[in-house]
Amino acid sequence: MIGLHRVSKVFAGKRDVTALHPLDLRIPKGEMVAITGASGSGKSTLLNLIGGLDHPTTGAISVDGRELGSLSDDELTRVRRDKIGFVFQFFNLLPSLSCLENVSLPLHLRGWPRQQIHERTTELLNLVGLGKRMEHLPDELSGGERQRVAIARALSVYPPILLADEPTGNLDSATGVEILSLIKDLHRRLGTTVLMVTHDMSVARACERIVQLKDGVIVSDARVESQAAT
Amino acid sequence: MKLLNLLSWPYVRKHKLRTLLTLAGIVLGVAVFTGMHTANLTMQSAFQRTVDRIAGKAQLQVSAGETGFPEDVLERVQSLREVSAAAPVIEAALATPQGTLLVLGVDMTGDSSLREYNLEGDDEDVIDDPLIFLAQPDSMIVSKQFAARSGLGRGSKLALKTMGGQKTFIVRGVMKATGLATVFGGNLAIMDIYAAQAVFGRGRLFDRIDVGLSEGVSVREGAAKLQALLGPGFQVEQPQSRGAHFESMARGLTVSINLASLFALLIGVFIIYNSFSIAITQRRGEIGVLRALGASRGQVRGLFLLESVVLGVAGSLLGVAAGLALARGVVPGLAATLQDVFGHAVSASDITISPPLAAFSVFIGVMASLVGGYIPARSAASVDPVKALQKGRNQVLSEGENRWRRRAALICIALSAALIGFGDANAYFYPGYLSGIASLILLSPSMAMWLARALRPVLKTVWPVEGALAADSLIQAPRRTSATVTALMLSLALAVGFAGVSRGIYDSLIEWMRHTLNPDLYVSPSRSITAKTFRFPASMAGELRSLEGVEEVQPVRNARVMIGGEPVMAVSLDIGAIARRVRVKPVEGDRDEMVRLASEGQGVIISDNLSLMRGIHRGDILEIPSPRGLLKLPVLGSSVDYSDQQGSFLIDSKLFQRYWGDDTANLFRIHVKTGYSREKVRQRILKKWSGSHEIFVYTNEGIRDYILNLTGQWFGLTYIQLAVALIVAILGIVNTLTVSITDRRRELGVLQAVGGLRNQVRRTIWLEAVSIGVVGLVMGAGAGLVMIYFNLHMLHRDLGGLRLDFTVPYAFMAAMTPVVILCSFISALWPAESAVRASLVESLEYE
């Protein structure tokens, strides 16, 4: 489903900074994986590369059978649009758009018919428990509610992959637990592959597999049961 | 100063484009101010310089308006004990392949005591023995520059078009390129005055007499004696007074230039305000840190004001240079327009900015920069250090801020209405005008917001994502867009205002021409019907009448005379004959009575604009100076007449000939007999006279087109203003969009992250730009209608005394709409590209 072969990332500047050393990683379809590590370990960089938001310095990344390196910018956008949903730590909702408009954004960009967009958006907002707050602006919602809208937006086009960058990082612990269970629930019900970056081990343990990074190198890659055993 | 170096300089280096845009605002304002004033001053000083140099040592000049006066006046002037030298002069401009040639007809026997000719080498004997010159009427002296340009030397032949057809002159002397010979760009020729009378169809008239006073006689004393001798029909003035009359004639142009300069500066202020507001928004964090580290509000304010002064100085210096270039571009067109409209040839080859104007321009530029930078600097000083790092909310205008503006706008509207309604005096009108403009400026942020809100559903329907985001960008950040929209509104309003007046004048002119310009043909001695270089002899009217196909010939003689110290056009014609063919509804008076009395020489009919500007009405006595004395005639009524911007009066030709001793004609109005071809009659006239006379025969349509073209030239300023508006649109929109893109970086990143293609991102920026253009257009059109109202009043009361109907310039507005939208779109191209090329990761992390 997601494959990385000898992928590295170096940020060029007055002094080059290696964010990721060449690494290999395979994530099968339908798996829920946590990427953990300390700040600066390269976990967000890894997520950005998989999401096609950035280009690797070396190596190849394939998503759902498509080699990202060979794609043009617009083709890369189409991959993101059709196959990947993003959830960000700071929600990244557009403040001027209502919940309904925010969730419908990717569908409009795909050119869906208006009626179908309305049905799908309503369904998703009901799914995340915000059926009664559709016309509210992001500013009028709590942090947890905003993240729910962001998740609904990420799932709007039925993406096979959900990439979440610290989805609970900006929430209090109770809301964090709530959001995490929502993601797990959606993963279970929709069979979505979930790749979640977190530095919180309690969040990571909710996943099936944990990949741990340190200074741009994978230092451990284990199933949650076995890691819990150790 | 240390803060400037430490904080401002790195910002300038990082945001070169924004700094350039701020500079461009100052450059634009200063360049238009300097350029237009330089052009105007150049024209006036060129005219004055020509007058001064031609005047030589003459202390006084005797004239009778533009009409000229009989030769016997010279003897009377010479007889005065206070006069040491009196030299008659005829001055005329001739078209040559080397440009317009100023020909001076002088009496060589007495003239050298007033003017120094400085001839080359042996040529001096022409002056030493003027009989050589006089004995040969084809003699001519030319300036060295003209001789060089035309490849002439002593003894060369020079062919010129004269009243008697093409005539060959012999160059008997070449003047050195100093003093007198440098006037009119060096295009000067001297000939004998009696030869000039024949060449230019002056009959036995002189244009003026240049006077040198006896030793010990003061100018005031000499002028008083001469005036007493000649009577009120003559003007006895110092040469520099002619410059003042020229200025007075071109007053309309000066007012237009002042208005355009004022608006350019105002627009510049808005661009500066916009740029500084944006800079302060972007530097809030920096300001917060400064404040947290102990910088006082005064220091922060001082820093930004100092930045505006530095930019003001740099921009003003560049603006002065750009203004010089602008003046150099504008002057030739302006000179041509002045020559065509007023019949005065001006040659302005030496275009430089006077040091006082340059200094004043820099001062104005710095002041404009300070004014534009003041509110942002005050806002920077009021930044709360704690809130400074909270992003995203600083572009929003608080409701309180908007409410305050709306209330102030309402007060200004009420004040404007009250002032204009209260009284007709300038003391009420102009403050009312300014108050009206202030209300538009104050209302513009709210209007921009309302319009953006109205646009949102439309845009969202067509482009659900891109359209909605574009409109939201305007709605969410009015501070970012309001200054651009205001600047665009003002500049478009100015253009619409002028276009409206121009349309009104066109419509009114067409209506006037339909009633009054109804002859089939017009015969003129010059290509330009306003030029008065040549005049036809009276005898030519009879010859024209005798031509096959000609039914009626109406000679017209027009010339400016001085009434109340200001030039007014006297139009002499056979009023009875004209009235049989022209039926104009009078503004004041009974038509039949007016015509009857005027044709009997018992009064004059004045133009409506003269009536409005001078407050002269039916029954008043008009005191008209003439060479035979002061002519006091009752005003019989008024009618619409566009013969001259400063007003005109119709006087019967018999009375004019009696008082001015002038039976020549500037123009013949020809009516062709029914059944005869106009073109054949036209060809007959040309065939008869083209060999012996300088003659131009226009058809009715030709003359109408000519007048409309002339009016078009005058209103060419409208297009310059539209160009300025477009530059403002582009500068402002680029400025706003670059900030919008920075502010919306995360939003645009999200758009791409969730599947927005590059073109979809571009489209949202294009739509934002076009929305700014549309909002500016709508507001500019609305404000333009207000401007038309004020402009019509200004024209009516101060400029031309014109009574025009309110006309909406639909065609101009329809034409400017796609142009402004296209320019808005073009200004979004680069910002849109920079947006799609930004790093997505950085955009999503941008805070």
# chains A, B, ... in the order shown; residues from 1 in each chain; ligands from 1

call {"tool": "interface_residues", "arguments": {"of": "chain B", "to": "chain A", "cutoff": "10 Å", "atoms": "only C-alpha atoms", "output": "tab-separated table (two decimals) with N, CA and C atoms, in the first residue's frame"}}
result
chain	number	residue	atom	x	y	z
B	392	GLY	N	-3.23	36.62	12.77
B	392	GLY	CA	-4.45	36.33	12.03
B	392	GLY	C	-5.59	37.28	12.26
B	463	TRP	N	-17.72	29.44	-8.87
B	463	TRP	CA	-16.54	28.70	-8.42
B	463	TRP	C	-16.69	28.44	-6.92
B	464	PRO	N	-17.29	27.32	-6.54
B	464	PRO	CA	-17.66	27.10	-5.13
B	464	PRO	C	-16.50	27.29	-4.15
B	465	VAL	N	-15.30	26.84	-4.52
B	465	VAL	CA	-14.19	26.95	-3.58
B	465	VAL	C	-13.41	28.24	-3.83
B	466	GLU	N	-12.90	28.36	-5.07
B	466	GLU	CA	-12.02	29.48	-5.38
B	466	GLU	C	-12.75	30.82	-5.20
B	468	ALA	N	-15.50	31.49	-3.39
B	468	ALA	CA	-15.84	31.79	-1.99
B	468	ALA	C	-14.59	32.26	-1.23
B	469	LEU	N	-13.47	31.57	-1.47
B	469	LEU	CA	-12.25	31.96	-0.75
B	469	LEU	C	-11.77	33.36	-1.17
B	471	ALA	N	-13.65	35.88	-2.23
B	471	ALA	CA	-14.50	36.89	-1.60
B	471	ALA	C	-14.22	36.96	-0.10
B	472	ASP	N	-14.03	35.79	0.50
B	472	ASP	CA	-13.75	35.77	1.95
B	472	ASP	C	-12.49	36.53	2.29
B	473	SER	N	-11.52	36.42	1.39
B	473	SER	CA	-10.26	37.12	1.65
B	473	SER	C	-10.49	38.63	1.76
B	475	ILE	N	-13.46	39.99	2.55
B	475	ILE	CA	-14.36	40.26	3.68
B	475	ILE	C	-13.60	40.16	5.00
B	476	GLN	N	-12.70	39.15	5.07
B	476	GLN	CA	-12.00	38.90	6.33
B	476	GLN	C	-10.92	39.94	6.62
B	744	ARG	N	-2.46	34.39	3.79
B	744	ARG	CA	-3.26	33.19	3.52
B	744	ARG	C	-2.40	32.00	3.15
B	746	ARG	N	-1.08	29.62	4.81
B	746	ARG	CA	-1.53	28.34	5.35
B	746	ARG	C	-2.80	27.89	4.63
B	747	GLU	N	-3.71	28.83	4.43
B	747	GLU	CA	-4.98	28.51	3.77
B	747	GLU	C	-4.73	27.94	2.36
B	748	LEU	N	-3.81	28.59	1.65
B	748	LEU	CA	-3.51	28.13	0.29
B	748	LEU	C	-2.82	26.77	0.33
B	749	GLY	N	-1.98	26.58	1.38
B	749	GLY	CA	-1.32	25.29	1.57
B	749	GLY	C	-2.35	24.20	1.82
B	750	VAL	N	-3.33	24.50	2.67
B	750	VAL	CA	-4.39	23.53	2.97
B	750	VAL	C	-5.15	23.18	1.70
B	751	LEU	N	-5.42	24.21	0.93
B	751	LEU	CA	-6.16	24.01	-0.32
B	751	LEU	C	-5.42	23.01	-1.21
B	752	GLN	N	-4.11	23.16	-1.28
B	752	GLN	CA	-3.33	22.23	-2.10
B	752	GLN	C	-3.25	20.86	-1.44
B	753	ALA	N	-3.12	20.86	-0.10
B	753	ALA	CA	-2.99	19.58	0.61
B	753	ALA	C	-4.25	18.73	0.45
B	754	VAL	N	-5.42	19.39	0.42
B	754	VAL	CA	-6.65	18.60	0.32
B	754	VAL	C	-7.06	18.36	-1.13
B	755	GLY	N	-6.19	18.70	-2.05
B	755	GLY	CA	-6.45	18.32	-3.44
B	755	GLY	C	-6.63	19.45	-4.42
B	756	GLY	N	-6.36	20.67	-4.01
B	756	GLY	CA	-6.48	21.80	-4.94
B	756	GLY	C	-5.33	21.78	-5.95
B	757	LEU	N	-5.67	21.77	-7.24
B	757	LEU	CA	-4.63	21.80	-8.27
B	757	LEU	C	-4.05	23.21	-8.35
B	758	ARG	N	-2.89	23.29	-8.97
B	758	ARG	CA	-2.24	24.60	-9.08
B	758	ARG	C	-3.17	25.65	-9.70
B	759	ASN	N	-3.87	25.22	-10.74
B	759	ASN	CA	-4.76	26.19	-11.41
B	759	ASN	C	-5.90	26.63	-10.51
B	760	GLN	N	-6.32	25.74	-9.64
B	760	GLN	CA	-7.40	26.11	-8.71
B	760	GLN	C	-6.89	27.12	-7.69
B	836	VAL	N	1.66	29.46	-5.84
B	836	VAL	CA	1.66	28.01	-6.14
B	836	VAL	C	3.05	27.41	-6.05
B	837	ARG	N	4.06	28.26	-6.11
B	837	ARG	CA	5.41	27.73	-6.04
B	837	ARG	C	5.96	27.70	-4.61
B	839	SER	N	6.62	26.51	-0.81
B	839	SER	CA	6.74	25.16	-0.23
B	839	SER	C	5.47	24.83	0.53
B	840	LEU	N	4.93	23.66	0.20
B	840	LEU	CA	3.67	23.24	0.82
B	840	LEU	C	3.85	22.97	2.31
B	841	VAL	N	4.97	22.35	2.63
B	841	VAL	CA	5.24	22.02	4.04
B	841	VAL	C	5.34	23.30	4.87
B	842	GLU	N	6.11	24.25	4.33
B	842	GLU	CA	6.27	25.52	5.05
B	842	GLU	C	4.93	26.26	5.15
B	844	LEU	N	1.96	24.94	5.32
B	844	LEU	CA	1.09	24.30	6.32
B	844	LEU	C	1.56	24.57	7.73
B	845	GLU	N	2.87	24.79	7.87
B	845	GLU	CA	3.40	25.08	9.20
B	845	GLU	C	3.42	26.56	9.49

call {"tool": "select_by_dssp", "arguments": {"residues": "segment 576-609 of chain B", "states": "strand (DSSP E or B)", "output": "PyMOL selection string"}}
result
chain B and resi 588+604-607

call {"tool": "write_last_selection", "arguments": {"atoms": "C-alpha atoms", "output": "PDB file, in the first residue's frame"}}
result
ATOM      1  CA  GLU B 588     -31.897  85.443 -21.901  1.00  0.00           C
ATOM      2  CA  VAL B 604     -24.501  92.996 -28.458  1.00  0.00           C
ATOM      3  CA  ILE B 605     -25.581  89.426 -27.827  1.00  0.00           C
ATOM      4  CA  ILE B 606     -23.307  87.767 -25.310  1.00  0.00           C
ATOM      5  CA  SER B 607     -22.519  84.101 -24.854  1.00  0.00           C
TER       6      SER B 607
END

call {"tool": "atom_distance", "arguments": {"atom1": "atom CA of Leu46 of chain A", "atom2": "atom CA of Ser834 of chain B"}}
result
25.6 Å

call {"tool": "closest_residue", "arguments": {"among": "B:Thr481, B:Ser277, B:Asn258, B:Thr807", "to": "Leu737 of chain B", "atoms": "only C-alpha atoms"}}
result
B:Thr481

call {"tool": "closest_residue", "arguments": {"among": "A:Glu145, A:Arg66, A:His187, A:Leu195", "to": "Leu171 of chain A", "atoms": "only C-alpha atoms"}}
result
A:Glu145

call {"tool": "residues_around", "arguments": {"residues": "Leu597 of chain B", "least_positions_apart": "4", "cutoff": "10 Å", "atoms": "only C-alpha atoms", "output": "PyMOL selection string"}}
result
chain B and resi 575-576+592-593+601-605+634+636+652

call {"tool": "residues_around", "arguments": {"residues": "Arg205 of chain A", "least_positions_apart": "4", "cutoff": "12 Å", "atoms": "only C-alpha atoms", "output": "PyMOL selection string"}}
result
chain A and resi 32-36+177+180+184+196-201+209-212+222-229

call {"tool": "write_last_selection", "arguments": {"atoms": "N, CA and C atoms", "output": "CSV table (one decimal), in the first residue's frame"}}
result
chain,number,residue,atom,x,y,z
A,32,MET,N,-3.1,0.4,10.9
A,32,MET,CA,-3.1,1.6,11.6
A,32,MET,C,-1.7,1.7,12.3
A,33,VAL,N,-0.9,2.6,11.8
A,33,VAL,CA,0.5,2.7,12.3
A,33,VAL,C,0.8,4.1,12.9
A,34,ALA,N,1.5,4.0,14.0
A,34,ALA,CA,2.0,5.2,14.7
A,34,ALA,C,3.4,5.4,14.4
A,35,ILE,N,3.8,6.7,14.1
A,35,ILE,CA,5.2,7.0,14.0
A,35,ILE,C,5.6,7.9,15.2
A,36,THR,N,6.5,7.4,15.9
A,36,THR,CA,6.8,8.2,17.2
A,36,THR,C,8.3,8.6,17.1
A,177,VAL,N,-8.5,11.6,23.7
A,177,VAL,CA,-9.0,10.2,23.8
A,177,VAL,C,-10.2,10.1,22.9
A,180,LEU,N,-9.1,10.1,19.2
A,180,LEU,CA,-8.4,8.9,18.9
A,180,LEU,C,-9.4,7.8,18.7
A,184,LYS,N,-10.0,5.5,15.4
A,184,LYS,CA,-9.9,4.0,15.4
A,184,LYS,C,-11.2,3.5,14.9
A,196,MET,N,-0.2,7.7,11.7
A,196,MET,CA,-0.4,8.8,12.6
A,196,MET,C,1.0,9.1,13.3
A,197,VAL,N,1.3,10.4,13.2
A,197,VAL,CA,2.6,10.9,13.8
A,197,VAL,C,2.2,11.3,15.2
A,198,THR,N,2.9,10.9,16.2
A,198,THR,CA,2.6,11.4,17.6
A,198,THR,C,3.9,11.2,18.4
A,199,HIS,N,4.0,12.0,19.4
A,199,HIS,CA,5.1,11.8,20.3
A,199,HIS,C,4.6,11.3,21.7
A,200,ASP,N,3.2,11.1,21.7
A,200,ASP,CA,2.6,10.6,22.9
A,200,ASP,C,2.4,9.1,22.8
A,201,MET,N,3.2,8.4,23.6
A,201,MET,CA,3.2,6.9,23.5
A,201,MET,C,1.8,6.3,23.8
A,209,ARG,N,0.6,-0.8,15.1
A,209,ARG,CA,2.1,-1.0,14.9
A,209,ARG,C,2.7,0.4,15.2
A,210,ILE,N,3.9,0.3,15.8
A,210,ILE,CA,4.6,1.6,16.1
A,210,ILE,C,6.0,1.6,15.5
A,211,VAL,N,6.2,2.6,14.7
A,211,VAL,CA,7.5,2.8,14.1
A,211,VAL,C,8.2,4.0,14.9
A,212,GLN,N,9.4,3.7,15.4
A,212,GLN,CA,10.0,4.7,16.2
A,212,GLN,C,11.2,5.3,15.5
A,222,ALA,N,7.6,-2.2,15.5
A,222,ALA,CA,7.1,-3.4,16.1
A,222,ALA,C,5.5,-3.3,16.2
A,223,ARG,N,4.9,-4.5,16.3
A,223,ARG,CA,3.5,-4.6,16.5
A,223,ARG,C,3.2,-4.2,18.0
A,224,VAL,N,2.1,-3.6,18.2
A,224,VAL,CA,1.8,-3.1,19.6
A,224,VAL,C,1.8,-4.2,20.6
A,225,GLU,N,1.3,-5.4,20.3
A,225,GLU,CA,1.3,-6.4,21.3
A,225,GLU,C,2.7,-6.8,21.8
A,226,SER,N,3.6,-7.0,20.7
A,226,SER,CA,4.9,-7.4,21.1
A,226,SER,C,5.7,-6.3,21.9
A,227,GLN,N,5.4,-5.1,21.5
A,227,GLN,CA,6.1,-4.0,22.2
A,227,GLN,C,5.6,-3.9,23.6
A,228,ALA,N,4.3,-4.1,23.7
A,228,ALA,CA,3.7,-4.0,25.1
A,228,ALA,C,4.3,-5.1,25.9
A,229,ALA,N,4.6,-6.3,25.3
A,229,ALA,CA,5.2,-7.4,26.0
A,229,ALA,C,6.6,-7.1,26.5

call {"tool": "atom_distance", "arguments": {"atom1": "atom CA of Asp743 of chain B", "atom2": "atom CA of Gln282 of chain B"}}
result
8.6 Å

call {"tool": "closest_residue", "arguments": {"among": "B:Lys460, B:Ile420, B:Val778, B:Pro376", "to": "Met447 of chain B", "atoms": "only C-alpha atoms"}}
result
B:Val778

call {"tool": "select_by_dssp", "arguments": {"residues": "segment 64-224 of chain A", "states": "helix (DSSP H, G or I)", "output": "PyMOL selection string"}}
result
chain A and resi 68-70+73-83+99-110+114-127+138-140+143-155+173-190+201-204+224

call {"tool": "residues_around", "arguments": {"residues": "Ala174 of chain A", "least_positions_apart": "5", "cutoff": "12 Å", "atoms": "only C-alpha atoms", "output": "PDB file with N, CA and C atoms, in the first residue's frame"}}
result
ATOM      1  N   GLY A 143     -11.860  22.958  20.402  1.00  0.00           N
ATOM      2  CA  GLY A 143     -10.734  22.299  19.735  1.00  0.00           C
ATOM      3  C   GLY A 143     -11.093  20.908  19.245  1.00  0.00           C
ATOM      4  N   GLY A 144     -11.786  20.145  20.082  1.00  0.00           N
ATOM      5  CA  GLY A 144     -12.158  18.777  19.713  1.00  0.00           C
ATOM      6  C   GLY A 144     -13.116  18.779  18.530  1.00  0.00           C
ATOM      7  N   THR A 168      -3.902  14.755  18.160  1.00  0.00           N
ATOM      8  CA  THR A 168      -4.401  15.069  19.511  1.00  0.00           C
ATOM      9  C   THR A 168      -3.480  16.068  20.202  1.00  0.00           C
ATOM     10  N   GLY A 169      -2.459  16.505  19.477  1.00  0.00           N
ATOM     11  CA  GLY A 169      -1.420  17.339  20.085  1.00  0.00           C
ATOM     12  C   GLY A 169      -1.907  18.675  20.603  1.00  0.00           C
ATOM     13  N   ILE A 179     -11.007  11.864  20.216  1.00  0.00           N
ATOM     14  CA  ILE A 179     -10.625  11.954  18.799  1.00  0.00           C
ATOM     15  C   ILE A 179      -9.941  10.666  18.352  1.00  0.00           C
ATOM     16  N   LEU A 180      -9.104  10.145  19.249  1.00  0.00           N
ATOM     17  CA  LEU A 180      -8.383   8.915  18.919  1.00  0.00           C
ATOM     18  C   LEU A 180      -9.373   7.761  18.706  1.00  0.00           C
ATOM     19  N   SER A 181     -10.356   7.685  19.573  1.00  0.00           N
ATOM     20  CA  SER A 181     -11.312   6.592  19.395  1.00  0.00           C
ATOM     21  C   SER A 181     -12.149   6.786  18.124  1.00  0.00           C
ATOM     22  N   VAL A 203      -0.982   7.484  22.909  1.00  0.00           N
ATOM     23  CA  VAL A 203      -1.716   7.565  21.634  1.00  0.00           C
ATOM     24  C   VAL A 203      -1.183   6.497  20.691  1.00  0.00           C
TER      25      VAL A 203
END

call {"tool": "residues_around", "arguments": {"residues": "segment 71-80 of chain B", "least_positions_apart": "5", "cutoff": "12 Å", "atoms": "only C-alpha atoms", "output": "PyMOL selection string"}}
result
chain B and resi 60-64+85-90+107+110+193-194+197+202-214+217+222-231+233-234+236+627-628+660-662

call {"tool": "write_last_selection", "arguments": {"atoms": "N, CA and C atoms", "output": "compact mmCIF listing (two decimals), in the first residue's frame"}}
result
# COMPACT_ATOMS: atom_id res chain seq x y z
N LEU B 60 7.09 99.38 -22.73
CA LEU B 60 5.63 99.29 -22.78
C LEU B 60 5.20 98.76 -24.15
N GLN B 61 4.03 98.20 -24.19
CA GLN B 61 3.49 97.76 -25.48
C GLN B 61 2.07 98.30 -25.59
N VAL B 62 1.76 98.81 -26.77
CA VAL B 62 0.41 99.33 -27.02
C VAL B 62 -0.31 98.33 -27.93
N SER B 63 -1.48 97.92 -27.51
CA SER B 63 -2.24 96.98 -28.35
C SER B 63 -3.73 97.27 -28.20
N ALA B 64 -4.51 96.59 -29.02
CA ALA B 64 -5.97 96.71 -28.92
C ALA B 64 -6.53 95.30 -29.01
N ALA B 85 11.25 105.93 -28.31
CA ALA B 85 11.22 105.08 -29.51
C ALA B 85 9.89 104.33 -29.54
N ALA B 86 9.29 104.25 -30.72
CA ALA B 86 8.05 103.48 -30.87
C ALA B 86 8.16 102.69 -32.16
N ALA B 87 8.06 101.39 -32.03
CA ALA B 87 8.24 100.53 -33.21
C ALA B 87 7.02 99.64 -33.39
N PRO B 88 6.37 99.72 -34.57
CA PRO B 88 5.21 98.85 -34.81
C PRO B 88 5.64 97.41 -35.05
N VAL B 89 4.78 96.51 -34.69
CA VAL B 89 5.12 95.08 -34.83
C VAL B 89 3.91 94.31 -35.37
N ILE B 90 4.20 93.35 -36.24
CA ILE B 90 3.20 92.33 -36.60
C ILE B 90 3.84 90.99 -36.26
N ASP B 107 9.61 97.55 -38.26
CA ASP B 107 10.05 98.67 -39.07
C ASP B 107 11.53 98.84 -38.81
N GLY B 110 13.38 102.08 -37.35
CA GLY B 110 13.38 102.55 -35.97
C GLY B 110 13.53 101.43 -34.97
N ILE B 193 7.76 95.35 -41.80
CA ILE B 193 6.38 95.34 -41.32
C ILE B 193 5.37 95.58 -42.44
N TYR B 194 5.72 96.40 -43.40
CA TYR B 194 4.75 96.69 -44.47
C TYR B 194 4.63 95.49 -45.41
N GLN B 197 2.34 93.13 -43.55
CA GLN B 197 0.91 93.46 -43.67
C GLN B 197 0.31 92.77 -44.90
N ARG B 202 -3.05 91.76 -43.30
CA ARG B 202 -3.41 92.66 -42.20
C ARG B 202 -3.99 94.01 -42.69
N GLY B 203 -4.01 94.24 -43.95
CA GLY B 203 -4.45 95.55 -44.45
C GLY B 203 -3.48 96.62 -44.01
N ARG B 204 -4.04 97.71 -43.45
CA ARG B 204 -3.17 98.82 -42.99
C ARG B 204 -3.16 98.84 -41.47
N LEU B 205 -3.09 97.67 -40.88
CA LEU B 205 -3.13 97.59 -39.41
C LEU B 205 -1.81 97.07 -38.85
N PHE B 206 -1.56 97.49 -37.63
CA PHE B 206 -0.44 96.92 -36.87
C PHE B 206 -1.02 96.06 -35.74
N ASP B 207 -0.24 95.06 -35.32
CA ASP B 207 -0.69 94.25 -34.17
C ASP B 207 -0.46 95.01 -32.87
N ARG B 208 0.72 95.65 -32.78
CA ARG B 208 1.02 96.41 -31.57
C ARG B 208 2.17 97.37 -31.82
N ILE B 209 2.42 98.23 -30.85
CA ILE B 209 3.57 99.13 -30.94
C ILE B 209 4.42 98.91 -29.70
N ASP B 210 5.71 98.65 -29.91
CA ASP B 210 6.63 98.51 -28.77
C ASP B 210 7.20 99.90 -28.48
N VAL B 211 7.22 100.25 -27.22
CA VAL B 211 7.58 101.62 -26.85
C VAL B 211 8.78 101.64 -25.89
N GLY B 212 9.75 102.53 -26.21
CA GLY B 212 10.84 102.82 -25.28
C GLY B 212 10.59 104.22 -24.73
N LEU B 213 10.80 104.40 -23.44
CA LEU B 213 10.48 105.69 -22.82
C LEU B 213 11.71 106.59 -22.75
N SER B 214 11.44 107.88 -22.74
CA SER B 214 12.55 108.85 -22.65
C SER B 214 13.21 108.71 -21.28
N VAL B 217 11.70 109.10 -17.52
CA VAL B 217 10.25 108.84 -17.46
C VAL B 217 10.02 107.45 -16.88
N GLY B 222 4.82 106.88 -18.03
CA GLY B 222 4.72 106.69 -19.48
C GLY B 222 3.41 106.00 -19.84
N ALA B 223 3.05 104.98 -19.08
CA ALA B 223 1.82 104.23 -19.36
C ALA B 223 0.61 105.15 -19.20
N ALA B 224 0.63 105.97 -18.17
CA ALA B 224 -0.51 106.86 -17.91
C ALA B 224 -0.66 107.86 -19.05
N LYS B 225 0.46 108.42 -19.50
CA LYS B 225 0.41 109.41 -20.59
C LYS B 225 -0.12 108.78 -21.87
N LEU B 226 0.40 107.58 -22.16
CA LEU B 226 -0.02 106.90 -23.39
C LEU B 226 -1.51 106.54 -23.33
N GLN B 227 -1.93 106.03 -22.16
CA GLN B 227 -3.33 105.64 -22.00
C GLN B 227 -4.24 106.86 -22.18
N ALA B 228 -3.79 107.99 -21.61
CA ALA B 228 -4.58 109.21 -21.72
C ALA B 228 -4.65 109.67 -23.18
N LEU B 229 -3.55 109.49 -23.87
CA LEU B 229 -3.49 109.91 -25.27
C LEU B 229 -4.38 109.03 -26.15
N LEU B 230 -4.30 107.73 -25.91
CA LEU B 230 -4.97 106.80 -26.83
C LEU B 230 -6.40 106.48 -26.43
N GLY B 231 -6.71 106.66 -25.16
CA GLY B 231 -8.06 106.37 -24.70
C GLY B 231 -8.22 104.93 -24.26
N GLY B 233 -9.68 102.46 -25.42
CA GLY B 233 -9.74 101.41 -26.44
C GLY B 233 -8.43 100.65 -26.60
N PHE B 234 -7.40 101.17 -25.99
CA PHE B 234 -6.08 100.54 -26.13
C PHE B 234 -5.58 100.00 -24.80
N VAL B 236 -2.25 99.65 -22.70
CA VAL B 236 -0.85 100.08 -22.59
C VAL B 236 -0.29 99.30 -21.40
N PRO B 627 -10.15 100.71 -30.99
CA PRO B 627 -9.21 101.76 -31.37
C PRO B 627 -9.87 103.14 -31.53
N ARG B 628 -11.18 103.16 -31.76
CA ARG B 628 -11.87 104.44 -31.91
C ARG B 628 -12.47 104.92 -30.58
N TRP B 660 -13.27 99.44 -35.33
CA TRP B 660 -11.94 98.81 -35.36
C TRP B 660 -11.21 99.10 -36.68
N GLY B 661 -11.92 99.66 -37.62
CA GLY B 661 -11.30 99.96 -38.91
C GLY B 661 -10.79 98.70 -39.58
N ASP B 662 -11.46 97.61 -39.36
CA ASP B 662 -10.97 96.31 -39.82
C ASP B 662 -12.10 95.60 -40.56

call {"tool": "residues_around", "arguments": {"residues": "Gly65 of chain A", "least_positions_apart": "5", "cutoff": "10 Å", "atoms": "only C-alpha atoms", "output": "compact mmCIF listing (two decimals) with C-alpha atoms, in the first residue's frame"}}
result
# COMPACT_ATOMS: atom_id res chain seq x y z
CA MET A 1 0.00 0.00 0.00
CA ILE A 2 2.72 2.47 1.09
CA GLY A 3 6.30 1.65 0.28

call {"tool": "atom_distance", "arguments": {"atom1": "atom CA of Arg704 of chain B", "atom2": "atom CA of Ile510 of chain B"}}
result
8.0 Å

call {"tool": "closest_residue", "arguments": {"among": "B:Val269, B:Ala495, B:Met43, B:Leu822", "to": "Ala327 of chain B", "atoms": "only C-alpha atoms"}}
result
B:Met43
